[in-house]
>>> print(open('run_18.cif').read())   # mmCIF, C-alpha atoms
data_upload
#
loop_
_atom_site.label_atom_id
_atom_site.label_comp_id
_atom_site.auth_asym_id
_atom_site.auth_seq_id
_atom_site.Cartn_x
_atom_site.Cartn_y
_atom_site.Cartn_z
CA MET W 1 223.98 -182.26 14.70
CA THR W 2 220.70 -183.05 16.44
CA SER W 3 220.31 -185.01 19.60
CA THR W 4 217.80 -187.85 19.57
CA THR W 5 216.26 -186.33 22.69
CA ASP W 6 215.12 -183.39 20.53
CA ILE W 7 213.05 -185.63 18.29
CA SER W 8 209.52 -186.57 19.20
CA VAL W 9 207.72 -189.28 17.31
CA GLU W 10 204.67 -187.14 16.62
CA ASN W 11 206.84 -184.71 14.66
CA LEU W 12 208.30 -187.35 12.38
CA LEU W 13 206.85 -187.58 8.89
CA THR W 14 204.50 -190.32 7.76
CA ASP W 15 205.06 -192.72 4.87
CA TYR W 16 202.66 -190.60 2.84
CA GLN W 17 204.66 -187.42 3.51
CA VAL W 18 208.02 -189.02 2.74
CA ALA W 19 206.59 -190.42 -0.50
CA ASN W 20 205.35 -186.93 -1.35
CA PHE W 21 208.87 -185.60 -0.83
CA VAL W 22 210.40 -188.32 -2.98
CA ILE W 23 207.85 -187.65 -5.74
CA ASN W 24 207.70 -183.86 -5.62
CA GLY W 25 210.96 -182.78 -3.98
CA TYR W 26 209.51 -180.51 -1.31
CA HIS W 27 207.75 -180.52 2.05
CA ILE W 28 206.10 -177.65 3.93
CA VAL W 29 206.24 -177.22 7.70
CA GLU W 30 204.36 -174.55 9.64
CA PRO W 31 206.02 -174.48 13.06
CA GLN W 32 203.93 -172.81 15.75
CA PHE W 33 205.32 -169.68 17.41
CA PRO W 34 203.81 -166.76 19.35
CA ALA W 35 201.78 -164.47 17.11
CA ASP W 36 204.38 -161.70 16.93
CA PHE W 37 207.48 -163.90 16.54
CA HIS W 38 207.81 -163.67 12.77
CA SER W 39 207.01 -159.95 12.61
CA LYS W 40 209.82 -159.37 15.11
CA VAL W 41 212.21 -161.34 12.90
CA TYR W 42 211.07 -159.24 9.93
CA SER W 43 211.68 -156.04 11.89
CA GLU W 44 215.18 -157.19 12.83
CA LEU W 45 215.92 -158.05 9.21
CA GLU W 46 214.83 -154.57 8.18
CA LEU W 47 217.37 -153.04 10.55
CA LEU W 48 220.35 -154.90 9.12
CA PRO W 49 222.73 -152.41 7.50
CA MET W 50 224.35 -155.07 5.35
CA ASN W 51 223.99 -158.69 4.31
CA PRO W 52 225.57 -160.77 7.08
CA GLY W 53 225.85 -163.84 4.84
CA ASP W 54 226.54 -166.99 6.84
CA GLU W 55 226.36 -164.92 10.04
CA ILE W 56 222.64 -164.24 9.69
CA ASN W 57 221.88 -166.49 12.66
CA LYS W 58 224.43 -164.70 14.81
CA VAL W 59 223.00 -161.26 14.17
CA ILE W 60 219.40 -162.51 14.53
CA PRO W 61 219.54 -165.53 16.88
CA LYS W 62 215.74 -165.91 16.74
CA ILE W 63 216.12 -167.45 13.30
CA ASP W 64 217.87 -170.47 14.79
CA GLN W 65 214.74 -171.08 16.88
CA VAL W 66 212.81 -171.69 13.66
CA TYR W 67 215.27 -174.29 12.45
CA GLU W 68 215.37 -175.88 15.91
CA HIS W 69 211.59 -176.10 16.26
CA PRO W 70 210.51 -179.70 16.95
CA ALA W 71 208.34 -179.80 13.84
CA VAL W 72 211.30 -178.80 11.66
CA ILE W 73 213.67 -181.19 13.44
CA GLY W 74 211.13 -183.98 12.97
CA ALA W 75 210.86 -183.36 9.26
CA LEU W 76 214.63 -183.06 8.77
CA SER W 77 215.28 -186.19 10.83
CA SER W 78 212.79 -188.06 8.69
CA LEU W 79 214.52 -187.05 5.47
CA LEU W 80 218.19 -186.89 6.47
CA GLY W 81 218.48 -189.24 9.43
CA ARG W 82 218.63 -188.30 13.08
CA ASP W 83 222.29 -187.31 12.96
CA TYR W 84 221.88 -184.72 10.22
CA THR W 85 224.16 -181.69 10.25
CA ARG W 86 223.72 -178.02 9.52
CA ALA W 87 226.03 -176.64 6.84
CA ALA W 88 227.95 -173.46 7.55
CA HIS W 89 226.42 -171.74 4.55
CA ARG W 90 223.32 -169.60 5.18
CA HIS W 91 221.80 -166.79 3.22
CA CYS W 92 219.12 -164.16 3.58
CA HIS W 93 217.44 -163.21 0.31
CA LYS W 94 216.09 -159.67 0.30
CA ASN W 95 213.66 -159.31 -2.57
CA HIS W 96 212.84 -155.62 -3.10
CA PRO W 97 209.75 -154.36 -4.89
CA GLY W 98 210.62 -154.24 -8.57
CA THR W 99 212.96 -157.26 -8.41
CA ARG W 100 212.62 -159.31 -11.57
CA SER W 101 212.29 -163.07 -11.65
CA GLN W 102 215.28 -165.37 -11.65
CA ALA W 103 215.82 -168.02 -14.30
CA TRP W 104 215.07 -171.62 -13.40
CA HIS W 105 218.09 -173.20 -11.74
CA GLN W 106 219.41 -175.87 -9.43
CA ASP W 107 221.49 -174.34 -6.66
CA SER W 108 225.21 -174.23 -7.18
CA LEU W 109 227.42 -177.06 -5.99
CA ASN W 110 230.34 -174.69 -5.69
CA ILE W 111 229.87 -173.95 -2.00
CA PRO W 112 233.02 -174.69 -0.03
CA THR W 113 231.12 -175.02 3.22
CA LEU W 114 229.16 -177.99 1.95
CA ASP W 115 230.71 -181.30 2.78
CA GLU W 116 233.43 -182.40 0.45
CA GLY W 117 232.13 -184.55 -2.34
CA HIS W 118 228.71 -182.96 -2.45
CA GLY W 119 227.26 -183.38 -5.92
CA ARG W 120 223.95 -183.84 -7.67
CA VAL W 121 222.25 -186.86 -6.16
CA SER W 122 219.14 -187.79 -8.10
CA ASP W 123 218.39 -190.97 -6.18
CA HIS W 124 218.93 -189.97 -2.56
CA VAL W 125 218.40 -187.15 -0.10
CA GLN W 126 221.89 -186.02 0.84
CA SER W 127 221.17 -182.32 1.32
CA VAL W 128 218.14 -180.09 1.63
CA LEU W 129 217.54 -176.38 1.28
CA VAL W 130 215.33 -175.05 4.04
CA MET W 131 213.66 -171.73 3.30
CA TYR W 132 212.00 -169.69 6.04
CA TYR W 133 209.64 -166.83 5.17
CA PRO W 134 209.14 -164.42 8.09
CA GLN W 135 206.24 -162.67 6.36
CA TYR W 136 203.20 -163.70 4.39
CA VAL W 137 204.24 -164.19 0.75
CA GLY W 138 201.56 -163.21 -1.72
CA SER W 139 201.67 -164.14 -5.38
CA ASN W 140 202.90 -160.62 -6.25
CA MET W 141 205.68 -160.61 -3.63
CA GLY W 142 208.24 -162.73 -5.46
CA PRO W 143 207.23 -166.16 -4.22
CA THR W 144 209.62 -169.03 -4.84
CA ALA W 145 208.55 -171.07 -7.87
CA LEU W 146 209.25 -174.80 -8.15
CA ILE W 147 208.94 -177.54 -10.72
CA PRO W 148 207.62 -180.54 -8.77
CA GLY W 149 209.63 -183.69 -9.36
CA SER W 150 212.50 -181.86 -11.07
CA HIS W 151 214.95 -182.83 -8.31
CA LEU W 152 215.19 -186.21 -10.03
CA PHE W 153 216.83 -184.71 -13.10
CA THR W 154 220.19 -183.14 -13.68
CA ALA W 155 220.82 -180.68 -16.45
CA ALA W 156 222.97 -177.67 -17.06
CA ALA W 157 220.83 -174.58 -16.53
CA ASP W 158 221.88 -173.21 -19.91
CA ARG W 159 220.33 -176.24 -21.63
CA ASN W 160 217.00 -175.42 -19.99
CA ALA W 161 217.24 -171.65 -20.16
CA SER W 162 214.49 -171.09 -22.71
CA HIS W 163 211.55 -172.55 -20.78
CA GLY W 164 209.83 -169.60 -19.14
CA ASN W 165 206.63 -170.77 -17.49
CA PHE W 166 205.95 -174.45 -16.89
CA ARG W 167 202.47 -175.92 -17.10
CA ASP W 168 202.84 -177.56 -13.69
CA GLN W 169 205.00 -175.04 -11.84
CA ILE W 170 203.92 -174.22 -8.32
CA VAL W 171 204.61 -171.10 -6.31
CA ALA W 172 205.12 -170.79 -2.57
CA VAL W 173 202.31 -168.43 -1.62
CA VAL W 174 202.58 -169.06 2.08
CA PRO W 175 201.68 -167.63 5.49
CA ALA W 176 204.30 -165.94 7.68
CA GLY W 177 206.54 -168.44 9.40
CA THR W 178 206.33 -171.13 6.74
CA VAL W 179 209.35 -173.41 6.37
CA LEU W 180 209.80 -174.92 2.93
CA ILE W 181 212.11 -177.93 2.76
CA LEU W 182 213.49 -178.62 -0.71
CA HIS W 183 215.59 -181.40 -2.13
CA TYR W 184 218.87 -179.66 -2.96
CA ASP W 185 218.58 -180.45 -6.66
CA ILE W 186 215.05 -179.17 -7.29
CA TRP W 187 214.64 -176.65 -10.13
CA HIS W 188 213.41 -173.41 -8.63
CA ALA W 189 213.47 -169.63 -9.05
CA GLY W 190 212.58 -166.48 -7.22
CA THR W 191 209.82 -164.66 -9.09
CA ALA W 192 209.17 -160.97 -9.64
CA ASN W 193 208.16 -158.81 -6.71
CA THR W 194 205.51 -156.46 -8.08
CA SER W 195 204.20 -155.52 -4.63
CA ASP W 196 205.30 -152.55 -2.52
CA GLN W 197 206.78 -154.77 0.21
CA ILE W 198 210.19 -156.33 0.73
CA ARG W 199 210.02 -160.12 0.74
CA TYR W 200 212.63 -161.84 2.90
CA MET W 201 213.59 -165.49 2.69
CA VAL W 202 216.25 -167.03 4.91
CA LYS W 203 217.90 -170.18 3.62
CA TYR W 204 219.83 -172.78 5.59
CA LEU W 205 221.32 -176.01 4.27
CA PHE W 206 221.22 -179.33 6.07
CA GLU W 207 223.08 -182.49 5.17
CA ARG W 208 222.95 -186.21 5.75
CA ALA W 209 225.75 -187.48 8.00
CA SER W 210 225.24 -191.23 7.65
CA GLU W 211 223.42 -193.75 5.52
CA SER W 212 220.06 -195.04 6.71
CA THR W 213 219.84 -198.52 8.13
CA GLU W 214 216.11 -198.19 8.78
CA PRO W 215 213.38 -195.61 8.13
CA THR W 216 213.80 -192.59 10.38
CA TRP W 217 210.16 -191.55 9.99
CA ASN W 218 206.91 -193.12 11.18
CA HIS W 219 207.05 -196.08 8.87
CA ASP W 220 204.36 -198.72 8.46
CA PRO W 221 205.58 -201.65 6.33
CA ASP W 222 201.96 -202.59 5.60
CA LYS W 223 201.81 -199.53 3.36
CA ASP W 224 204.70 -200.67 1.14
CA ASP W 225 202.47 -201.85 -1.72
CA HIS W 226 200.64 -198.55 -1.74
CA ILE W 227 203.91 -196.60 -1.65
CA PHE W 228 205.28 -198.63 -4.56
CA GLU W 229 202.13 -197.86 -6.54
CA ARG W 230 202.50 -194.17 -5.84
CA LEU W 231 206.17 -194.10 -6.85
CA GLU W 232 205.23 -195.82 -10.11
CA HIS W 233 202.17 -193.80 -11.01
CA ASP W 234 201.87 -190.45 -9.22
CA GLU W 235 202.39 -187.50 -11.54
CA ALA W 236 204.48 -184.52 -10.57
CA ALA W 237 205.16 -182.05 -13.39
CA LEU W 238 204.48 -183.14 -16.97
CA ILE W 239 207.63 -184.54 -18.62
CA GLN W 240 208.38 -186.44 -21.78
CA ARG W 241 207.47 -190.12 -21.71
CA SER W 242 211.06 -191.23 -22.29
CA LEU W 243 212.02 -189.85 -18.89
CA VAL W 244 209.24 -191.57 -16.96
CA SER W 245 211.01 -194.90 -16.44
CA LYS W 246 214.17 -193.09 -15.32
CA ARG W 247 212.06 -190.94 -12.99
CA ASN W 248 210.33 -193.96 -11.47
CA TYR W 249 213.59 -195.84 -11.01
CA ARG W 250 215.10 -192.88 -9.21
CA ARG W 251 212.03 -192.47 -7.01
CA THR W 252 212.20 -196.08 -5.89
CA THR W 253 215.95 -195.95 -5.39
CA MET W 254 215.59 -192.75 -3.36
CA TRP W 255 212.92 -194.31 -1.16
CA ASN W 256 215.06 -197.40 -0.64
CA ASN W 257 218.12 -195.33 0.18
CA LEU W 258 216.06 -193.52 2.81
CA ALA W 259 214.52 -196.72 4.16
CA GLY W 260 217.72 -198.74 4.54
CA ASN W 261 216.95 -202.35 5.38
CA ALA W 262 213.21 -201.71 5.04
CA GLY W 263 213.41 -200.84 1.34
CA LEU W 264 210.66 -201.82 -1.07
CA LYS W 265 210.96 -205.32 -2.47
CA TYR W 266 209.98 -205.56 -6.09
CA GLU W 267 208.09 -208.69 -6.90
CA TYR W 268 206.93 -209.45 -10.41
CA HIS W 269 203.24 -209.82 -10.88
CA ASP W 270 201.29 -210.17 -14.10
CA LYS W 271 199.35 -206.94 -14.38
CA TRP W 272 197.97 -207.73 -17.84
CA SER W 273 195.81 -210.77 -17.11
CA GLY W 274 192.10 -210.31 -16.47
CA ASP W 275 189.09 -209.18 -18.44
CA TRP W 276 189.38 -208.57 -22.18
CA PRO W 277 188.83 -204.99 -23.31
CA GLN W 278 185.16 -204.23 -23.98
CA PRO W 279 184.02 -203.72 -27.60
CA ASN W 280 183.93 -200.08 -28.71
CA LYS W 281 180.42 -198.65 -28.67
CA MET K 282 205.85 -148.77 -36.67
CA ALA K 283 207.96 -151.66 -37.89
CA LEU K 284 207.34 -155.30 -38.64
CA LYS K 285 209.05 -157.34 -35.93
CA GLN K 286 209.39 -160.97 -34.99
CA ARG K 287 207.66 -162.32 -31.89
CA LEU K 288 209.18 -165.60 -30.70
CA LEU K 289 207.29 -168.29 -28.85
CA TYR K 290 209.26 -171.20 -27.38
CA LEU K 291 207.00 -174.17 -26.66
CA SER K 292 208.43 -177.35 -25.18
CA ALA K 293 206.19 -180.30 -25.86
CA GLN K 294 205.90 -183.75 -24.36
CA SER K 295 207.03 -185.33 -27.63
CA THR K 296 208.06 -184.39 -31.16
CA ASP K 297 204.36 -184.57 -32.10
CA PRO K 298 203.05 -181.00 -32.44
CA ARG K 299 199.75 -182.19 -31.00
CA SER K 300 201.34 -183.44 -27.79
CA LEU K 301 200.84 -181.37 -24.66
CA ALA K 302 203.09 -178.37 -24.16
CA LEU K 303 204.90 -178.46 -20.84
CA SER K 304 206.42 -174.99 -20.91
CA GLN K 305 206.31 -171.76 -22.85
CA ALA K 306 208.31 -168.56 -23.15
CA LEU K 307 207.13 -165.61 -25.22
CA HIS K 308 209.80 -163.14 -26.35
CA GLU K 309 208.33 -159.86 -27.50
CA PRO K 310 210.54 -157.66 -29.71
CA VAL K 311 210.68 -154.93 -27.10
CA ARG K 312 213.94 -153.75 -25.56
CA ASP K 313 214.61 -154.22 -21.84
CA THR K 314 211.93 -156.86 -21.41
CA ILE K 315 212.64 -160.31 -20.04
CA VAL K 316 210.65 -163.53 -19.92
CA GLU K 317 209.48 -163.70 -16.34
CA ILE K 318 208.11 -166.63 -14.43
CA ASP K 319 204.56 -165.53 -13.74
CA PRO K 320 203.49 -166.72 -10.28
CA MET K 321 199.84 -166.05 -11.08
CA ARG K 322 199.77 -168.15 -14.21
CA THR K 323 197.69 -171.30 -13.92
CA SER K 324 197.89 -172.50 -17.52
CA LEU K 325 199.84 -172.00 -20.71
CA ASP K 326 198.57 -169.89 -23.60
CA TYR K 327 198.43 -172.95 -25.84
CA GLU K 328 197.77 -176.56 -24.96
CA THR K 329 199.83 -177.78 -27.91
CA VAL K 330 202.07 -176.49 -30.68
CA HIS K 331 199.24 -177.27 -33.06
CA ASP K 332 196.94 -174.92 -31.12
CA ALA K 333 199.52 -172.16 -31.56
CA VAL K 334 199.80 -172.86 -35.28
CA CYS K 335 196.01 -172.62 -35.56
CA ASP K 336 196.33 -169.18 -33.94
CA GLY K 337 198.70 -167.95 -36.62
CA TRP K 338 202.11 -168.88 -35.21
CA ARG K 339 204.60 -170.36 -37.67
CA VAL K 340 207.12 -173.01 -36.61
CA VAL K 341 210.67 -171.94 -37.42
CA HIS K 342 212.51 -174.65 -35.48
CA PHE K 343 211.52 -178.26 -34.97
CA PRO K 344 212.96 -180.41 -32.17
CA ASP K 345 215.77 -182.78 -32.94
CA GLN K 346 214.23 -186.23 -33.36
CA ARG K 347 217.16 -187.72 -31.55
CA GLY K 348 215.17 -186.39 -28.65
CA SER K 349 216.37 -185.75 -25.18
CA LEU K 350 219.81 -186.92 -24.24
CA ASP K 351 218.67 -190.39 -23.30
CA GLY K 352 221.45 -192.46 -21.81
CA SER K 353 223.20 -189.31 -20.65
CA ASP K 354 223.24 -187.83 -17.18
CA ILE K 355 222.06 -184.57 -18.70
CA GLU K 356 218.34 -184.11 -19.12
CA VAL K 357 216.41 -181.45 -20.98
CA PHE K 358 212.74 -180.95 -20.22
CA GLY K 359 210.56 -181.58 -23.26
CA TYR K 360 211.03 -181.18 -27.01
CA GLN K 361 211.36 -177.59 -28.04
CA PHE K 362 209.55 -175.94 -30.94
CA VAL K 363 210.29 -172.30 -31.74
CA LEU K 364 207.48 -170.37 -33.40
CA GLU K 365 207.26 -166.88 -34.81
CA LYS K 366 204.61 -164.35 -35.59
CA LEU K 367 205.31 -161.07 -37.34
CA ASP K 368 203.51 -158.04 -35.98
CA GLN K 369 203.80 -154.28 -36.14
CA PHE K 370 205.58 -152.73 -33.15
CA ASP K 371 206.53 -149.17 -32.28
CA ASP K 372 210.23 -148.48 -32.66
#
>>> encode(input="run_18.cif", output="C-alpha cells")
Amino acid sequence: MTSTTDISVENLLTDYQVANFVINGYHIVEPQFPADFHSKVYSELELLPMNPGDEINKVIPKIDQVYEHPAVIGALSSLLGRDYTRAAHRHCHKNHPGTRSQAWHQDSLNIPTLDEGHGRVSDHVQSVLVMYYPQYVGSNMGPTALIPGSHLFTAAADRNASHGNFRDQIVAVVPAGTVLILHYDIWHAGTANTSDQIRYMVKYLFERASESTEPTWNHDPDKDDHIFERLEHDEAALIQRSLVSKRNYRRTTMWNNLAGNAGLKYEYHDKWSGDWPQPNK
Amino acid sequence: MALKQRLLYLSAQSTDPRSLALSQALHEPVRDTIVEIDPMRTSLDYETVHDAVCDGWRVVHFPDQRGSLDGSDIEVFGYQFVLEKLDQFDD
C-alpha cells in the first residue's frame, strides 16, 4: 500500500491521460533512472539460475525501485486510488531468441494471490498489469502486442483463437526502462523473438483497495464535456458496430467509477437540429 | 508436389463481405508452422473479404447472421469468413 506522502501532484495523470487509459486500456511511463540502472538489472537477470517466480523482487531488489518510482506511483494512484495494493504475484518473462508468438489472451483469473473475488471487470479499473522492460525492445525482440480498447470486452480465448493479426494491433517497441501499465483484462500476447537477444519483461500486479469518492488524478471539471465527447467518439481498435454502444457505455461507466462523486453527468441535447444537408453536387 | 488447401480467416466488421476486415490469419498447409502475430505488420493483406475474393480466394464459411453474441457477456471480435485457395505445395 502506498503512503500519500509518496505521491506528488506533478506525477498524477491528467484528464486526457486517464481518458486515454479508459479508451485504450494502457498507459506508458518512462521513469528516469541513472543511465546504467536498467543494464544492471538486465545483467542480474542473466545471472539467475532459475525462475524465482513471485520472489523476483527479493533476488533483484532493484526492480522494486522501478515500481516505487514517483512517476509510476503517480500513474497507479491515478488509476487505482491512493491506497492501491501490490499483489503477491510477480513474474519475470524470459523470451529467448527463437521463441514463437503467444496467442491473444486475457490474463488468467486463476491466481490465488489476487484478492478474493477478482474477476473480469469491463467497466472499472480494479487491477492492472505493470510490465517493466529492462532493455530496449525492438520489433524483432518479441515485443508485447495489444489490441487497444479490448479490455472492455470479455470473451473466452478459444472463441477468439482464429484471429491472427489485427488491423489495429499495436506493439510495445520501447526504450529500456519503459513501464507499461495495462488494464488487467486487455487482450495481449508476447510476439516472436527473431533477434539474437534475450528479451526480459518483469510483471507485477496492482489492485484497487477502495472505491473512489473523487478523482485521484489531476482533474479539471471544466473538461468534462470534452471527455464525454472522447468517450463517445474516439476510436480504439476497429470492432463491429453492434459493440460500439456497449463499448461507449462501459467507457463512461469506467470513467465514472474512477471519478466517484465527480462522474460525468449525461444531459440530453438535440444533436440533430441545425442546417439541412447540402444538395449532392 | 501436391494440391493443398490454404486457409485464410478474415474477420470483418459486419456480415457484408465489403465491410472492413479487422483481423486475418493465414494458415499455410505446411507442417510445424503456426500463425504468428507479426509485430512489424502495419496493415492486413486484404482490406475486405471482397478484395480477397477478387484475388482468387473462395469463401468456404460465411459468418452466422445471428452475429456476435449480443446480450451475452461473451464477445467475439468481428464476423468471421473462412476462405480457401488451392495451390501446389511440396510434400
>>> resolve_selection(input="run_18.cif", expression="the PyMOL selection byres ((chain W) within 7 of (chain K))", output="list in words")
Ser101, Ser139, Phe153, Thr154, Ala155, Arg159, Asn160, Ser162, His163, Gly164, Asn165, Phe166, Arg167, Val171, Thr191, Leu238, Ile239 and Gln240 of chain W
>>> closest_residue(input="run_18.cif", among="W:Leu47, W:Ala19, W:Met131, W:Cys92", to="Gly149 of chain W", atoms="all atoms listed in the file")
W:Ala19
>>> atom_distance(input="run_18.cif", atom1="atom CA of Gln126 of chain W", atom2="atom CA of Phe206 of chain W")
8.5 Å
>>> residues_around(input="run_18.cif", residues="Asp158 of chain W", least_positions_apart="6", cutoff="10 Å", atoms="all atoms listed in the file", output="PyMOL selection string")
(chain W and resi 103-105) or (chain K and resi 357)
>>> atom_distance(input="run_18.cif", atom1="atom CA of Lys366 of chain K", atom2="atom CA of Ala189 of chain W")
28.5 Å
>>> resolve_selection(input="run_18.cif", expression="the PyMOL selection byres ((chain W and resi 170) around 8)", output="list in words")
Ala145, Leu146, Ile147, Pro148, Asp168, Gln169, Val171 and Ala172 of chain W; Pro320 of chain K
>>> axis_aligned_box(input="run_18.cif", around="segment 31-41 of chain W", padding_each_side="3 Å", output="lines of an AutoDock Vina configuration file")
center_x = 207.0
center_y = -166.9
center_z = 16.0
size_x = 16.4
size_y = 21.1
size_z = 12.7
>>> atom_distance(input="run_18.cif", atom1="atom CA of Asp222 of chain W", atom2="atom CA of Asn20 of chain W")
17.5 Å
>>> resolve_selection(input="run_18.cif", expression="the PyMOL selection byres ((chain K and resi 309) around 8)", output="PyMOL selection string")
chain K and resi 286-288+307-308+310-311+314
>>> residues_around(input="run_18.cif", residues="Phe370 of chain K", least_positions_apart="5", cutoff="7 Å", atoms="all atoms listed in the file", output="MDAnalysis selection string")
chainID K and resid 282:285
>>> residues_around(input="run_18.cif", residues="Lys62 of chain W", least_positions_apart="3", cutoff="12 Å", atoms="all atoms listed in the file", output="PDB file with C-alpha atoms, in the coordinates of the input")
ATOM      1  CA  PHE W  33     205.320-169.680  17.410  1.00  0.00           C
ATOM      2  CA  PHE W  37     207.480-163.900  16.540  1.00  0.00           C
ATOM      3  CA  HIS W  38     207.810-163.670  12.770  1.00  0.00           C
ATOM      4  CA  SER W  39     207.010-159.950  12.610  1.00  0.00           C
ATOM      5  CA  LYS W  40     209.820-159.370  15.110  1.00  0.00           C
ATOM      6  CA  VAL W  41     212.210-161.340  12.900  1.00  0.00           C
ATOM      7  CA  TYR W  42     211.070-159.240   9.930  1.00  0.00           C
ATOM      8  CA  SER W  43     211.680-156.040  11.890  1.00  0.00           C
ATOM      9  CA  GLU W  44     215.180-157.190  12.830  1.00  0.00           C
ATOM     10  CA  LEU W  45     215.920-158.050   9.210  1.00  0.00           C
ATOM     11  CA  ILE W  56     222.640-164.240   9.690  1.00  0.00           C
ATOM     12  CA  ASN W  57     221.880-166.490  12.660  1.00  0.00           C
ATOM     13  CA  LYS W  58     224.430-164.700  14.810  1.00  0.00           C
ATOM     14  CA  VAL W  59     223.000-161.260  14.170  1.00  0.00           C
ATOM     15  CA  GLN W  65     214.740-171.080  16.880  1.00  0.00           C
ATOM     16  CA  VAL W  66     212.810-171.690  13.660  1.00  0.00           C
ATOM     17  CA  TYR W  67     215.270-174.290  12.450  1.00  0.00           C
ATOM     18  CA  GLU W  68     215.370-175.880  15.910  1.00  0.00           C
ATOM     19  CA  HIS W  69     211.590-176.100  16.260  1.00  0.00           C
ATOM     20  CA  TYR W 132     212.000-169.690   6.040  1.00  0.00           C
ATOM     21  CA  PRO W 134     209.140-164.420   8.090  1.00  0.00           C
ATOM     22  CA  VAL W 202     216.250-167.030   4.910  1.00  0.00           C
TER      23      VAL W 202
END
>>> closest_residue(input="run_18.cif", among="W:Thr99, W:Ser78, W:Ser242, W:Thr213", to="Asn11 of chain W", atoms="all atoms listed in the file")
W:Ser78
>>> closest_residue(input="run_18.cif", among="W:Asn257, W:Ala237, W:Tyr204, W:Gln102", to="Val121 of chain W", atoms="all atoms listed in the file")
W:Asn257
>>> closest_residue(input="run_18.cif", among="W:Arg199, W:His183, W:Arg82, W:Arg251", to="Tyr133 of chain W", atoms="only C-alpha atoms")
W:Arg199
>>> residues_around(input="run_18.cif", residues="Arg299 of chain K", least_positions_apart="4", cutoff="7 Å", atoms="only C-alpha atoms", output="list in words")
Thr329, Val330 and His331 of chain K
>>> closest_residue(input="run_18.cif", among="W:Pro31, W:Val128, W:Ala262, W:Glu232", to="Ile181 of chain W", atoms="all atoms listed in the file")
W:Val128
>>> decode(input="run_18.cif", residues="segment 54-70 of chain W", atoms="N, CA and C atoms", output="PDB file, in the first residue's frame")
ATOM      1  N   ASP W  54       7.417 -15.415  -7.836  1.00  0.00           N
ATOM      2  CA  ASP W  54       7.000 -14.247  -7.048  1.00  0.00           C
ATOM      3  C   ASP W  54       8.163 -13.578  -6.321  1.00  0.00           C
ATOM      4  N   GLU W  55       9.267 -14.314  -6.166  1.00  0.00           N
ATOM      5  CA  GLU W  55      10.408 -13.813  -5.385  1.00  0.00           C
ATOM      6  C   GLU W  55      11.355 -12.961  -6.227  1.00  0.00           C
ATOM      7  N   ILE W  56      10.964 -12.621  -7.427  1.00  0.00           N
ATOM      8  CA  ILE W  56      11.872 -11.890  -8.313  1.00  0.00           C
ATOM      9  C   ILE W  56      12.373 -10.597  -7.663  1.00  0.00           C
ATOM     10  N   ASN W  57      11.517  -9.958  -6.895  1.00  0.00           N
ATOM     11  CA  ASN W  57      11.930  -8.688  -6.273  1.00  0.00           C
ATOM     12  C   ASN W  57      12.831  -8.914  -5.062  1.00  0.00           C
ATOM     13  N   LYS W  58      12.838 -10.124  -4.556  1.00  0.00           N
ATOM     14  CA  LYS W  58      13.734 -10.404  -3.415  1.00  0.00           C
ATOM     15  C   LYS W  58      15.135 -10.725  -3.926  1.00  0.00           C
ATOM     16  N   VAL W  59      15.198 -11.413  -5.063  1.00  0.00           N
ATOM     17  CA  VAL W  59      16.527 -11.744  -5.587  1.00  0.00           C
ATOM     18  C   VAL W  59      17.143 -10.562  -6.343  1.00  0.00           C
ATOM     19  N   ILE W  60      16.303  -9.684  -6.876  1.00  0.00           N
ATOM     20  CA  ILE W  60      16.819  -8.462  -7.523  1.00  0.00           C
ATOM     21  C   ILE W  60      16.034  -7.271  -6.960  1.00  0.00           C
ATOM     22  N   PRO W  61      16.439  -6.771  -5.779  1.00  0.00           N
ATOM     23  CA  PRO W  61      15.671  -5.697  -5.135  1.00  0.00           C
ATOM     24  C   PRO W  61      15.575  -4.414  -5.965  1.00  0.00           C
ATOM     25  N   LYS W  62      16.500  -4.220  -6.890  1.00  0.00           N
ATOM     26  CA  LYS W  62      16.441  -3.012  -7.744  1.00  0.00           C
ATOM     27  C   LYS W  62      15.095  -2.905  -8.464  1.00  0.00           C
ATOM     28  N   ILE W  63      14.498  -4.045  -8.755  1.00  0.00           N
ATOM     29  CA  ILE W  63      13.263  -3.995  -9.547  1.00  0.00           C
ATOM     30  C   ILE W  63      12.162  -3.269  -8.770  1.00  0.00           C
ATOM     31  N   ASP W  64      12.159  -3.440  -7.463  1.00  0.00           N
ATOM     32  CA  ASP W  64      11.159  -2.711  -6.665  1.00  0.00           C
ATOM     33  C   ASP W  64      11.296  -1.202  -6.835  1.00  0.00           C
ATOM     34  N   GLN W  65      12.550  -0.744  -7.044  1.00  0.00           N
ATOM     35  CA  GLN W  65      12.753   0.708  -7.204  1.00  0.00           C
ATOM     36  C   GLN W  65      11.990   1.240  -8.415  1.00  0.00           C
ATOM     37  N   VAL W  66      11.868   0.405  -9.441  1.00  0.00           N
ATOM     38  CA  VAL W  66      11.124   0.826 -10.639  1.00  0.00           C
ATOM     39  C   VAL W  66       9.660   1.044 -10.279  1.00  0.00           C
ATOM     40  N   TYR W  67       9.115   0.067  -9.568  1.00  0.00           N
ATOM     41  CA  TYR W  67       7.684   0.129  -9.241  1.00  0.00           C
ATOM     42  C   TYR W  67       7.386   1.145  -8.136  1.00  0.00           C
ATOM     43  N   GLU W  68       8.449   1.596  -7.455  1.00  0.00           N
ATOM     44  CA  GLU W  68       8.263   2.613  -6.410  1.00  0.00           C
ATOM     45  C   GLU W  68       8.733   3.989  -6.878  1.00  0.00           C
ATOM     46  N   HIS W  69       9.019   4.111  -8.162  1.00  0.00           N
ATOM     47  CA  HIS W  69       9.416   5.415  -8.703  1.00  0.00           C
ATOM     48  C   HIS W  69       8.199   6.348  -8.639  1.00  0.00           C
ATOM     49  N   PRO W  70       8.429   7.618  -8.294  1.00  0.00           N
ATOM     50  CA  PRO W  70       7.285   8.547  -8.172  1.00  0.00           C
ATOM     51  C   PRO W  70       6.405   8.623  -9.415  1.00  0.00           C
TER      52      PRO W  70
END
